[in-house]
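So this block is input11.tsv, TSV, C-alpha atoms and all ligand atoms:
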```
chain	number	residue	atom	x	y	z
J	1	MET	CA	43.76	-188.72	0.64
J	2	PHE	CA	42.92	-190.53	-2.56
J	3	THR	CA	40.39	-190.30	-5.35
J	4	ASN	CA	39.27	-193.17	-7.59
J	5	VAL	CA	38.34	-195.33	-4.62
J	6	TRP	CA	34.99	-196.82	-3.63
J	7	TYR	CA	34.25	-195.61	-0.10
J	8	VAL	CA	31.58	-196.67	2.36
J	9	ALA	CA	29.62	-193.44	2.71
J	10	GLU	CA	26.77	-194.55	4.97
J	11	ARG	CA	24.79	-197.48	6.27
J	12	SER	CA	21.56	-198.19	4.36
J	13	VAL	CA	19.38	-197.88	7.47
J	14	ASN	CA	20.45	-194.27	7.93
J	15	LEU	CA	19.26	-193.08	4.51
J	16	GLY	CA	15.50	-192.69	4.49
J	17	ALA	CA	13.13	-190.23	2.86
J	18	ASP	CA	15.27	-187.15	3.53
J	19	PRO	CA	18.63	-186.27	2.02
J	20	ILE	CA	21.67	-186.41	4.28
J	21	LYS	CA	25.09	-184.78	4.19
J	22	VAL	CA	28.28	-186.84	4.31
J	23	ARG	CA	31.76	-185.36	4.46
J	24	MET	CA	34.53	-187.31	2.71
J	25	LEU	CA	37.93	-186.32	1.31
J	26	GLY	CA	37.46	-182.81	2.67
J	27	CYS	CA	34.27	-182.23	0.62
J	28	ASP	CA	30.55	-182.39	1.37
J	29	PHE	CA	28.22	-184.74	-0.50
J	30	VAL	CA	24.47	-185.23	-0.43
J	31	LEU	CA	23.03	-188.73	-0.34
J	32	PHE	CA	19.37	-189.20	-1.23
J	33	ARG	CA	16.97	-191.79	-2.60
J	34	ASP	CA	15.35	-191.30	-6.00
J	35	LYS	CA	11.71	-192.18	-6.75
J	36	ASN	CA	12.66	-195.87	-7.05
J	37	GLY	CA	14.36	-195.82	-3.66
J	38	LYS	CA	17.80	-196.11	-5.26
J	39	ALA	CA	20.54	-194.27	-3.39
J	40	ALA	CA	22.24	-191.38	-5.23
J	41	CYS	CA	25.19	-189.14	-4.40
J	42	LEU	CA	25.89	-185.59	-5.59
J	43	SER	CA	28.25	-182.84	-4.61
J	44	ASN	CA	26.42	-180.98	-1.84
J	45	VAL	CA	27.07	-177.38	-2.95
J	46	CYS	CA	24.26	-175.83	-5.00
J	47	PRO	CA	25.76	-174.10	-8.07
J	48	HIS	CA	23.22	-171.26	-7.77
J	49	ARG	CA	24.30	-169.66	-4.51
J	50	GLY	CA	26.09	-172.42	-2.69
J	51	ALA	CA	23.26	-173.65	-0.47
J	52	ASN	CA	23.43	-176.98	1.34
J	53	LEU	CA	21.53	-179.45	-0.87
J	54	ALA	CA	21.32	-181.92	1.99
J	55	GLY	CA	19.17	-179.36	3.82
J	56	GLY	CA	16.58	-179.63	1.04
J	57	LYS	CA	13.94	-182.23	0.21
J	58	CYS	CA	13.53	-185.30	-1.93
J	59	ARG	CA	10.80	-184.75	-4.53
J	60	ASP	CA	8.35	-187.15	-6.19
J	61	ASP	CA	10.17	-186.86	-9.52
J	62	GLY	CA	13.25	-188.50	-7.98
J	63	THR	CA	15.19	-185.28	-7.51
J	64	VAL	CA	16.66	-183.49	-4.54
J	65	ALA	CA	15.46	-179.88	-4.22
J	66	CYS	CA	17.71	-177.12	-2.91
J	67	PRO	CA	16.36	-175.55	0.32
J	68	TYR	CA	17.08	-171.97	-0.86
J	69	HIS	CA	15.30	-171.49	-4.23
J	70	GLY	CA	14.09	-175.02	-4.94
J	71	TRP	CA	16.30	-175.93	-7.91
J	72	ARG	CA	15.91	-179.65	-8.50
J	73	PHE	CA	18.77	-181.98	-9.32
J	74	ASP	CA	18.34	-185.53	-10.55
J	75	ARG	CA	20.67	-188.41	-9.74
J	76	SER	CA	22.87	-187.54	-12.73
J	77	GLY	CA	23.54	-184.13	-11.18
J	78	THR	CA	21.52	-182.28	-13.84
J	79	CYS	CA	19.31	-179.39	-12.78
J	80	VAL	CA	15.93	-180.34	-14.25
J	81	ARG	CA	13.74	-177.63	-12.76
J	82	ILE	CA	14.09	-174.04	-11.59
J	83	PRO	CA	10.72	-173.20	-9.99
J	84	ALA	CA	11.14	-169.42	-10.40
J	85	GLN	CA	11.50	-169.83	-14.18
J	86	MET	CA	8.53	-170.86	-16.31
J	87	GLU	CA	10.23	-172.88	-19.02
J	88	PRO	CA	12.62	-175.79	-18.45
J	89	HIS	CA	14.75	-174.61	-21.39
J	90	ASP	CA	15.49	-171.43	-19.43
J	91	ILE	CA	17.77	-173.52	-17.24
J	92	ALA	CA	21.26	-172.16	-17.48
J	93	GLU	CA	23.81	-174.52	-19.03
J	94	PRO	CA	26.12	-174.53	-15.98
J	95	ALA	CA	23.33	-175.73	-13.67
J	96	LYS	CA	24.76	-179.11	-12.86
J	97	VAL	CA	26.70	-180.69	-10.06
J	98	ASP	CA	29.06	-183.65	-9.88
J	99	ALA	CA	27.30	-187.01	-9.53
J	100	TYR	CA	29.06	-190.12	-8.27
J	101	PRO	CA	28.43	-193.83	-8.89
J	102	VAL	CA	26.64	-195.52	-5.98
J	103	LEU	CA	26.26	-199.18	-5.05
J	104	GLU	CA	24.12	-200.35	-2.17
J	105	GLN	CA	24.65	-203.88	-0.89
J	106	ASN	CA	24.88	-205.78	2.39
J	107	GLY	CA	23.44	-202.81	4.26
J	108	LEU	CA	26.17	-200.39	3.12
J	109	ILE	CA	26.07	-197.48	0.69
J	110	TRP	CA	29.26	-197.41	-1.35
J	111	VAL	CA	30.15	-194.26	-3.30
J	112	PHE	CA	32.86	-194.02	-5.92
J	113	LEU	CA	34.77	-190.77	-5.50
J	114	GLY	CA	36.73	-190.11	-8.64
J	115	ASP	CA	36.62	-189.89	-12.40
J	116	GLU	CA	37.97	-193.28	-13.51
J	117	PRO	CA	35.60	-195.95	-12.14
J	118	GLU	CA	36.68	-198.48	-14.76
J	119	LEU	CA	40.19	-198.53	-13.25
J	120	ALA	CA	39.15	-198.85	-9.61
J	121	SER	CA	38.94	-201.90	-7.36
J	122	PRO	CA	35.22	-202.71	-7.16
J	123	PRO	CA	33.29	-203.05	-3.89
J	124	PHE	CA	33.05	-206.56	-2.48
J	125	GLU	CA	30.32	-208.66	-0.93
J	126	ILE	CA	30.15	-209.32	2.81
J	127	PRO	CA	28.84	-212.90	2.93
J	128	GLU	CA	28.42	-212.89	6.73
J	129	VAL	CA	25.58	-210.33	6.49
J	130	GLY	CA	22.35	-212.28	6.94
J	131	ASP	CA	24.20	-215.54	7.68
J	132	THR	CA	22.40	-216.99	10.69
J	133	ARG	CA	25.58	-218.62	11.95
J	134	TYR	CA	26.75	-215.15	12.96
J	135	ARG	CA	25.48	-212.47	15.29
J	136	GLN	CA	26.18	-209.03	13.77
J	137	ILE	CA	27.03	-205.98	15.88
J	138	ASP	CA	27.89	-202.62	14.30
J	139	PHE	CA	30.00	-199.80	15.61
J	140	ASN	CA	30.72	-196.28	14.25
J	141	GLU	CA	33.24	-193.74	15.47
J	142	THR	CA	35.11	-190.68	14.24
J	143	TRP	CA	38.79	-190.53	15.13
J	144	ASN	CA	40.95	-187.43	15.08
J	145	CYS	CA	43.67	-188.93	12.90
J	146	SER	CA	44.27	-189.60	9.22
J	147	PHE	CA	42.72	-192.69	7.65
J	148	GLU	CA	46.21	-194.14	7.13
J	149	ARG	CA	46.78	-194.33	10.89
J	150	ALA	CA	43.47	-196.15	11.39
J	151	VAL	CA	44.41	-198.68	8.70
J	152	GLU	CA	47.96	-199.21	9.91
J	153	ILE	CA	47.04	-200.27	13.42
J	154	ASP	CA	44.99	-203.23	12.17
J	155	LEU	CA	47.88	-204.39	9.99
J	156	ASP	CA	50.21	-204.49	12.95
J	157	TYR	CA	50.31	-207.78	14.85
J	158	VAL	CA	52.83	-206.55	17.43
J	159	HIS	CA	50.61	-203.76	18.75
J	160	SER	CA	48.11	-206.30	20.11
J	161	HIS	CA	50.50	-207.31	22.84
J	162	PHE	CA	51.25	-203.79	24.02
J	163	VAL	CA	48.05	-201.90	23.22
J	164	HIS	CA	45.51	-204.62	24.06
J	165	GLY	CA	47.58	-206.88	26.25
J	166	ALA	CA	49.05	-206.50	29.66
J	167	PHE	CA	52.35	-205.12	28.31
J	168	GLY	CA	54.20	-207.72	30.38
J	169	GLU	CA	55.83	-210.94	29.22
J	170	GLU	CA	57.53	-209.20	26.32
J	171	HIS	CA	58.74	-212.47	24.87
J	172	ARG	CA	55.11	-213.08	23.85
J	173	ALA	CA	55.05	-209.92	21.72
J	174	ARG	CA	56.96	-211.45	18.83
J	175	PRO	CA	54.40	-212.75	16.32
J	176	LEU	CA	55.07	-216.02	14.58
J	177	ASP	CA	56.38	-215.73	11.06
J	178	HIS	CA	53.90	-214.46	8.52
J	179	VAL	CA	54.23	-213.11	5.02
J	180	VAL	CA	52.34	-210.80	2.70
J	181	GLU	CA	50.12	-213.04	0.56
J	182	ASN	CA	48.42	-212.39	-2.78
J	183	TYR	CA	49.65	-208.81	-3.04
J	184	SER	CA	48.10	-206.71	-5.78
J	185	GLU	CA	47.07	-203.10	-6.20
J	186	HIS	CA	43.64	-204.16	-4.87
J	187	GLY	CA	44.87	-205.50	-1.54
J	188	PHE	CA	46.69	-208.38	0.11
J	189	GLY	CA	46.38	-210.95	2.87
J	190	SER	CA	48.31	-212.63	5.62
J	191	HIS	CA	47.74	-215.29	8.22
J	192	LEU	CA	49.41	-216.71	11.26
J	193	ILE	CA	48.77	-219.02	14.17
J	194	ALA	CA	48.74	-216.73	17.17
J	195	LYS	CA	50.04	-217.79	20.54
J	196	PRO	CA	46.97	-218.13	22.73
J	197	GLN	CA	46.56	-216.20	25.93
J	198	PRO	CA	46.31	-218.52	28.93
J	199	ASN	CA	42.78	-219.97	29.02
J	200	ARG	CA	40.77	-218.24	31.70
J	201	GLY	CA	37.11	-218.35	32.72
J	202	LEU	CA	34.82	-219.56	29.95
J	203	TRP	CA	37.79	-220.04	27.60
J	204	ARG	CA	38.87	-223.06	29.65
J	205	LEU	CA	35.81	-224.80	28.24
J	206	LEU	CA	35.91	-223.33	24.75
J	207	ARG	CA	39.56	-223.63	23.75
J	208	LYS	CA	41.78	-226.62	24.10
J	209	LYS	CA	44.83	-225.91	26.19
J	210	GLY	CA	47.94	-224.98	24.23
J	211	LYS	CA	46.22	-224.77	20.84
J	212	GLY	CA	47.38	-221.93	18.58
J	213	VAL	CA	44.76	-219.47	17.33
J	214	PRO	CA	44.62	-219.14	13.50
J	215	SER	CA	44.12	-215.56	12.41
J	216	TYR	CA	43.47	-214.45	8.81
J	217	LEU	CA	43.84	-210.82	7.81
J	218	ASN	CA	42.98	-209.15	4.51
J	219	PHE	CA	43.46	-205.59	3.43
J	220	LYS	CA	41.03	-204.56	0.71
J	221	LEU	CA	41.46	-201.25	-1.06
J	222	PRO	CA	37.71	-200.58	-1.53
J	223	GLY	CA	36.60	-198.84	1.65
J	224	PHE	CA	40.19	-199.07	2.95
J	225	CYS	CA	38.89	-202.19	4.66
J	226	ARG	CA	40.55	-204.73	6.90
J	227	ARG	CA	38.82	-208.07	7.25
J	228	VAL	CA	40.00	-210.23	10.10
J	229	GLN	CA	38.82	-213.74	10.89
J	230	VAL	CA	40.03	-215.44	14.04
J	231	PHE	CA	39.37	-219.09	14.87
J	232	ILE	CA	39.06	-218.38	18.52
J	233	GLY	CA	38.57	-221.99	19.57
J	234	GLY	CA	42.08	-222.83	18.43
J	235	GLU	CA	43.42	-224.94	15.57
J	236	GLY	CA	40.87	-227.42	14.27
J	237	SER	CA	37.93	-225.51	15.73
J	238	LYS	CA	35.24	-223.92	13.55
J	239	MET	CA	34.40	-221.39	16.24
J	240	ASN	CA	35.34	-218.00	14.83
J	241	PHE	CA	34.62	-214.32	14.70
J	242	VAL	CA	35.04	-211.94	11.79
J	243	PHE	CA	35.26	-208.21	11.67
J	244	TYR	CA	35.36	-205.65	8.89
J	245	HIS	CA	36.82	-202.23	9.58
J	246	PHE	CA	36.09	-199.58	6.96
J	247	ALA	CA	38.01	-196.31	7.15
J	248	THR	CA	36.42	-193.41	5.29
J	249	PRO	CA	38.60	-190.27	5.26
J	250	ILE	CA	36.61	-187.23	6.38
J	251	ASP	CA	39.57	-184.92	5.83
J	252	ASP	CA	43.34	-185.07	6.32
J	253	GLU	CA	43.01	-185.33	10.08
J	254	HIS	CA	39.75	-187.20	10.66
J	255	VAL	CA	38.52	-190.63	9.72
J	256	PHE	CA	35.09	-192.21	10.06
J	257	ASN	CA	35.41	-195.81	11.20
J	258	ARG	CA	32.65	-198.29	10.50
J	259	LEU	CA	33.11	-201.68	12.08
J	260	LEU	CA	30.99	-204.74	11.47
J	261	PHE	CA	31.52	-207.51	14.01
J	262	PHE	CA	30.27	-211.02	13.29
J	263	ARG	CA	30.32	-213.37	16.24
J	264	GLY	CA	30.22	-216.98	15.13
J	265	PHE	CA	29.91	-218.39	18.64
J	266	MET	CA	27.62	-217.70	21.58
J	267	THR	CA	25.32	-216.02	19.07
J	268	HIS	CA	22.44	-215.38	21.47
J	269	ARG	CA	21.89	-211.71	22.21
J	270	PHE	CA	22.40	-212.53	25.86
J	271	PHE	CA	26.16	-212.49	25.14
J	272	ASP	CA	26.11	-209.13	23.31
J	273	LYS	CA	26.90	-207.02	26.34
J	274	THR	CA	30.19	-208.72	27.21
J	275	ASN	CA	31.17	-208.92	23.56
J	276	ILE	CA	30.44	-205.23	22.90
J	277	LYS	CA	32.32	-204.26	26.04
J	278	ARG	CA	35.41	-206.17	24.91
J	279	ASN	CA	35.25	-204.76	21.37
J	280	GLU	CA	34.73	-201.20	22.56
J	281	ARG	CA	37.67	-201.45	24.92
J	282	ALA	CA	39.93	-202.56	22.04
J	283	ILE	CA	38.64	-199.72	19.83
J	284	ARG	CA	39.25	-197.21	22.62
J	285	GLU	CA	42.80	-198.49	23.06
J	286	ASP	CA	43.53	-198.26	19.31
J	287	ARG	CA	41.95	-194.82	19.10
J	288	LYS	CA	44.13	-193.38	21.86
J	289	ILE	CA	47.30	-194.54	20.10
J	290	CYS	CA	46.19	-193.32	16.67
J	291	GLU	CA	45.00	-189.91	17.83
J	292	GLU	CA	48.30	-189.19	19.55
J	293	ILE	CA	50.63	-190.18	16.69
J	294	TYR	CA	52.65	-187.30	15.27
J	295	PRO	CA	52.18	-186.07	12.62
J	296	LYS	CA	48.44	-186.65	12.30
J	297	ALA	CA	48.44	-186.93	8.54
J	298	ALA	CA	50.70	-189.66	7.22
J	299	ALA	CA	52.68	-188.52	4.20
J	300	VAL	CA	52.93	-191.15	1.50
J	301	GLY	CA	56.57	-191.56	0.72
J	302	ARG	CA	57.81	-190.64	4.17
J	303	ASN	CA	61.01	-192.45	4.93
J	304	TRP	CA	61.95	-191.45	8.44
J	305	GLU	CA	60.06	-194.22	10.21
J	306	VAL	CA	62.26	-197.07	11.33
J	307	GLN	CA	60.97	-200.28	9.74
J	308	THR	CA	61.38	-203.72	11.23
J	309	GLU	CA	60.74	-207.20	9.88
J	310	HIS	CA	57.28	-207.11	11.45
J	311	ASP	CA	56.22	-203.92	9.68
J	312	HIS	CA	55.91	-205.57	6.28
J	313	LEU	CA	52.10	-205.51	6.22
J	314	VAL	CA	52.11	-201.77	6.88
J	315	GLY	CA	54.79	-201.54	4.17
J	316	ALA	CA	52.53	-203.40	1.72
J	317	PHE	CA	49.72	-200.95	2.48
J	318	HIS	CA	52.04	-198.03	1.76
J	319	SER	CA	53.13	-199.67	-1.50
J	320	ILE	CA	49.50	-199.64	-2.63
J	321	LEU	CA	49.24	-195.96	-1.70
J	322	HIS	CA	52.43	-195.26	-3.67
J	323	THR	CA	50.94	-196.96	-6.72
J	324	MET	CA	47.84	-194.81	-6.41
J	325	ARG	CA	49.90	-191.67	-6.05
J	326	ASP	CA	51.89	-192.61	-9.15
J	327	LYS	CA	48.63	-192.94	-11.05
J	328	GLY	CA	47.76	-189.36	-10.15
J	329	TRP	CA	44.96	-190.24	-7.72
J	330	GLN	CA	46.30	-188.57	-4.58
J	331	ILE	CA	44.83	-185.21	-3.58
J	332	ASP	CA	47.43	-182.44	-3.50
J	333	ALA	CA	46.67	-181.12	-0.01
J	334	ARG	CA	48.98	-178.13	-0.25
J	335	ALA	CA	47.61	-176.97	-3.61
J	336	ALA	CA	44.07	-177.47	-2.28
J	337	GLN	CA	44.80	-175.21	0.69
J	338	ASP	CA	46.12	-172.49	-1.65
J	339	LEU	CA	43.02	-172.69	-3.87
J	340	ALA	CA	40.67	-172.68	-0.88
J	341	ARG	CA	41.82	-169.13	-0.12
J	342	ASP	CA	39.79	-167.96	-3.14
J	343	ASN	CA	36.60	-169.12	-1.38
J	344	LYS	CA	35.67	-171.32	-4.29
J	345	PRO	CA	34.60	-174.83	-3.35
J	346	LEU	CA	36.70	-177.61	-4.83
J	347	MET	CA	35.00	-180.72	-6.14
J	348	ILE	CA	36.15	-184.31	-6.30
J	349	PRO	CA	36.03	-184.83	-10.09
J	350	SER	CA	33.19	-187.14	-11.11
J	351	PRO	CA	33.25	-189.48	-14.15
J	352	ALA	CA	31.26	-186.94	-16.22
J	353	ARG	CA	34.14	-184.46	-16.09
J	354	ARG	CA	36.14	-186.73	-18.38
J	355	THR	CA	33.57	-186.53	-21.17
J	356	ILE	CA	32.14	-183.04	-20.59
J	357	SER	CA	34.85	-180.52	-19.89
J	358	THR	CA	32.72	-177.36	-19.91
J	359	GLY	CA	29.96	-176.01	-17.73
J	360	TRP	CA	31.33	-176.99	-14.35
J	361	VAL	CA	30.81	-174.15	-11.89
J	362	PHE	CA	33.40	-175.30	-9.39
J	363	PRO	CA	37.00	-176.33	-10.07
J	364	GLU	CA	38.37	-179.80	-9.47
J	365	MET	CA	40.25	-180.76	-6.36
J	366	PRO	CA	43.94	-180.62	-7.38
J	367	ARG	CA	45.79	-183.94	-7.49
J	368	ILE	CA	49.47	-184.81	-7.54
J	369	ALA	CA	50.55	-185.33	-11.13
J	370	PRO	CA	50.99	-188.93	-12.30
J	371	ARG	CA	54.53	-190.21	-12.00
J	372	ALA	CA	55.25	-190.28	-15.75
J	373	VAL	CA	54.28	-186.62	-16.06
J	374	VAL	CA	56.45	-185.68	-13.09
J	375	GLN	CA	59.42	-187.48	-14.65
J	376	SER	CA	58.98	-185.88	-18.06
J	377	ARG	CA	58.74	-182.46	-16.41
J	378	ALA	CA	61.94	-183.15	-14.52
J	379	ALA	CA	63.63	-184.04	-17.81
J	380	GLU	CA	62.64	-180.72	-19.44
J	401	LIG	S1	21.08	-171.67	-3.79
J	401	LIG	FE1	20.25	-173.50	-4.47
J	401	LIG	S2	18.56	-172.90	-5.65
J	401	LIG	FE2	19.44	-171.07	-5.02
J	402	FE	FE	44.12	-202.93	17.81
```

Whole structure given in structure tokens:
Amino acid sequence: MFTNVWYVAERSVNLGADPIKVRMLGCDFVLFRDKNGKAACLSNVCPHRGANLAGGKCRDDGTVACPYHGWRFDRSGTCVRIPAQMEPHDIAEPAKVDAYPVLEQNGLIWVFLGDEPELASPPFEIPEVGDTRYRQIDFNETWNCSFERAVEIDLDYVHSHFVHGAFGEEHRARPLDHVVENYSEHGFGSHLIAKPQPNRGLWRLLRKKGKGVPSYLNFKLPGFCRRVQVFIGGEGSKMNFVFYHFATPIDDEHVFNRLLFFRGFMTHRFFDKTNIKRNERAIREDRKICEEIYPKAAAVGRNWEVQTEHDHLVGAFHSILHTMRDKGWQIDARAAQDLARDNKPLMIPSPARRTISTGWVFPEMPRIAPRAVVQSRAAE
């Protein structure tokens, strides 16, 4: 799992007047709204006696109050009130928790988990939200697999034939040529004209016979998101659907999937039921494959998988992960397990840890050393 990434932590509609707990990167966080209604995110472990801050209450002064002894923390993570002490200056210096940058837009609450926000790929807009040409349907689901597995399956054109198709007519499984486009450390794209399935039922009216189906795919690092747009009516048609699939790692073996479907045709709610049924079937099929892959957690840098010419999008995704690992942003899972034996919670380092090095009650989550450091150590 990786730090210094903007993740989708929650949907806006789910964060109301009470704080809520969200688990990401193997740690618990509390989301709450301050007195201006702005979303905030702190580490969830109270530095007094470890209580669950998300079990507390939002107060009028814009703080979240711990449910155990009422210590209040503002959105910067500072403890601003200890009710059992008379004077604010009695507050102990270590009474602070990690606070993380938050951005709320298009109905999503993004949280930056890391200490170098200026180096990260920023969250992006979702222009289809609120666009009346589309009908939006949302879907959430936890899968028992690593986030890498959930990302990989969307970057894999060949799986569609076997996982979502009839498995027959194998000659149809070979996707037309496509390349990785606009690759950078922030993401990449690809597109192809898919071979259409034979037109059946309503599709006889909607798609011209024999027309290829243009499909555009983008991987975006923020939110580990895949955006797919398919011009379902065939070449030359404007009829399309779009989906966004955000993968938020819960821990090494679980991922929270948030999908936003935008249907740009048959937008009346009357058609929702059939559309949802089709989408849910595809998600179920992907989930079964991903949850049964061995090993559950993909190791960045693994080299035993046999790669083919059609695995280059998955390869591009892994290149981005390699770059992040080389920057020192990957969590060191083995070291974290060793430290967890001391029963001390580990925190995803927040930006404040880079300027204030003292007073943190809990240690940082260990990360794999940046590549340059590893090399210089090897040279010693
Ligand atoms: S444990 Fe949170 S105030 Fe005591
Ligand atoms: Fe799929």

*Name the closest residue to Leu260 (chain J) among the candidates J:Gly55, J:Gly107, J:Pro122, J:Pro214; distances are taken between atoms, counting all atoms listed in the file.*
J:Gly107

*Around ligand LIG 401 (chain J), at most 12 Å away and counting only C-alpha atoms and all ligand atoms, which residues are there? Put them as a PyMOL selection string, please.*
chain J and resi 44-57+64-73+79-85+91+95-97

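Shortest separation to ligand FE 402 (chain J) among J:Ser319, J:Gln330, J:Ser160, J:Asn240 occurs at residue J:Ser160, atoms counted being all atoms listed in the file.
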
_How would you report the residues lying within 10 Å of ligand FE 402 (chain J), as a ChimeraX atom specification, if you count all atoms listed in the file?_
/J:150,152-165,279,281-287,289-290

*Please tell me which residues are no farther than 7 Å from (41.2, -200.3, 8.8) in the file, counting all atoms listed in the file, and write them as a list in words.*
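Returned residue set, sorted by chain then number, is Ala150, Val151, Glu152, Asp154, Phe224, Cys225, Arg226, His245, Phe246 and Ala247 of chain J.
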
Write a file of the selected residues as a PDB file, in the coordinates of the input, keeping C-alpha atoms.
```pdb
ATOM      1  CA  ALA J 150      43.470-196.150  11.390  1.00  0.00           C
ATOM      2  CA  VAL J 151      44.410-198.680   8.700  1.00  0.00           C
ATOM      3  CA  GLU J 152      47.960-199.210   9.910  1.00  0.00           C
ATOM      4  CA  ASP J 154      44.990-203.230  12.170  1.00  0.00           C
ATOM      5  CA  PHE J 224      40.190-199.070   2.950  1.00  0.00           C
ATOM      6  CA  CYS J 225      38.890-202.190   4.660  1.00  0.00           C
ATOM      7  CA  ARG J 226      40.550-204.730   6.900  1.00  0.00           C
ATOM      8  CA  HIS J 245      36.820-202.230   9.580  1.00  0.00           C
ATOM      9  CA  PHE J 246      36.090-199.580   6.960  1.00  0.00           C
ATOM     10  CA  ALA J 247      38.010-196.310   7.150  1.00  0.00           C
TER      11      ALA J 247
END
```

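The protein and nucleic acid residues lying at most 12 Å from Glu235 (chain J) are Leu192, Ile193, Ala194, Lys195, Pro196, Leu206, Arg207, Lys208, Lys209, Gly210, Lys211, Gly212, Val213, Pro214 and Ser215 of chain J, with only C-alpha atoms considered and sequence neighbours fewer than 6 positions away removed.
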
*Excluding Ile137 (chain J) and residues on its chain fewer than 3 positions from it, collect all residues at most 12 Å away from it, counting all atoms listed in the file, and give them as an MDAnalysis selection string.*
chainID J and resid 128:130 134 140 241:244 258:264 267:269 271:273 275:277 279:280

*Closest to Ile356 (chain J) among J:Leu103, J:Glu253, J:Asp115, J:Ser121, using all atoms listed in the file?*
J:Asp115

*Near Ile331 (chain J), counting only C-alpha atoms, which residues have an atom at most 9 Å away, once you skip same-chain residues fewer than 4 positions from it, shown as a ChimeraX atom specification?*
/J:1-3,25,325,335-336,365-368

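Minimum distance to Gly328 (chain J) across J:Ala369, J:Ala39, J:Met347, J:Leu119 (counting all atoms listed in the file) occurs at J:Ala369.
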
Name the residues within 9 Å of (36.3, -168.4, -8.6), counting only C-alpha atoms in the file's coordinates, and put them as a PDB file with C-alpha atoms, keeping the file's coordinate frame.
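Full text of result_17.pdb as output:
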```pdb
ATOM      1  CA  ASP J 342      39.790-167.960  -3.140  1.00  0.00           C
ATOM      2  CA  ASN J 343      36.600-169.120  -1.380  1.00  0.00           C
ATOM      3  CA  LYS J 344      35.670-171.320  -4.290  1.00  0.00           C
ATOM      4  CA  PRO J 345      34.600-174.830  -3.350  1.00  0.00           C
ATOM      5  CA  VAL J 361      30.810-174.150 -11.890  1.00  0.00           C
ATOM      6  CA  PHE J 362      33.400-175.300  -9.390  1.00  0.00           C
ATOM      7  CA  PRO J 363      37.000-176.330 -10.070  1.00  0.00           C
TER       8      PRO J 363
END
```

*Pick from J:His186, J:Arg371, J:Arg59, J:Arg278 nearest to Leu221 (chain J), counting all atoms listed in the file*: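 Residue with the minimum atom-to-atom distance to Leu221 (chain J): J:His186.
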
Centre, edges in Å (one decimal): axis-aligned box, region 39-57 of chain J, 8 Å padding on all six sides, as lines of an AutoDock Vina configuration file:
```
center_x = 21.1
center_y = -182.0
center_z = -2.1
size_x = 30.3
size_y = 40.6
size_z = 27.9
```

*Write out as a ChimeraX atom specification which residues come within 9 Å of Val102 (chain J) when counting all atoms listed in the file, dropping same-chain ones fewer than 4 positions away.*
/J:6,38-41,109-112

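Look at Ile348 (chain J): the protein and nucleic acid residues within 7 Å of it, using all atoms listed in the file and passing over chain neighbours fewer than 6 places away, are J:Leu113, J:Gly114, J:Glu364, J:Met365.
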
*What is the CA of His312 (chain J)-CA of Val179 (chain J) distance in Å, reported with one decimal?*
7.8 Å
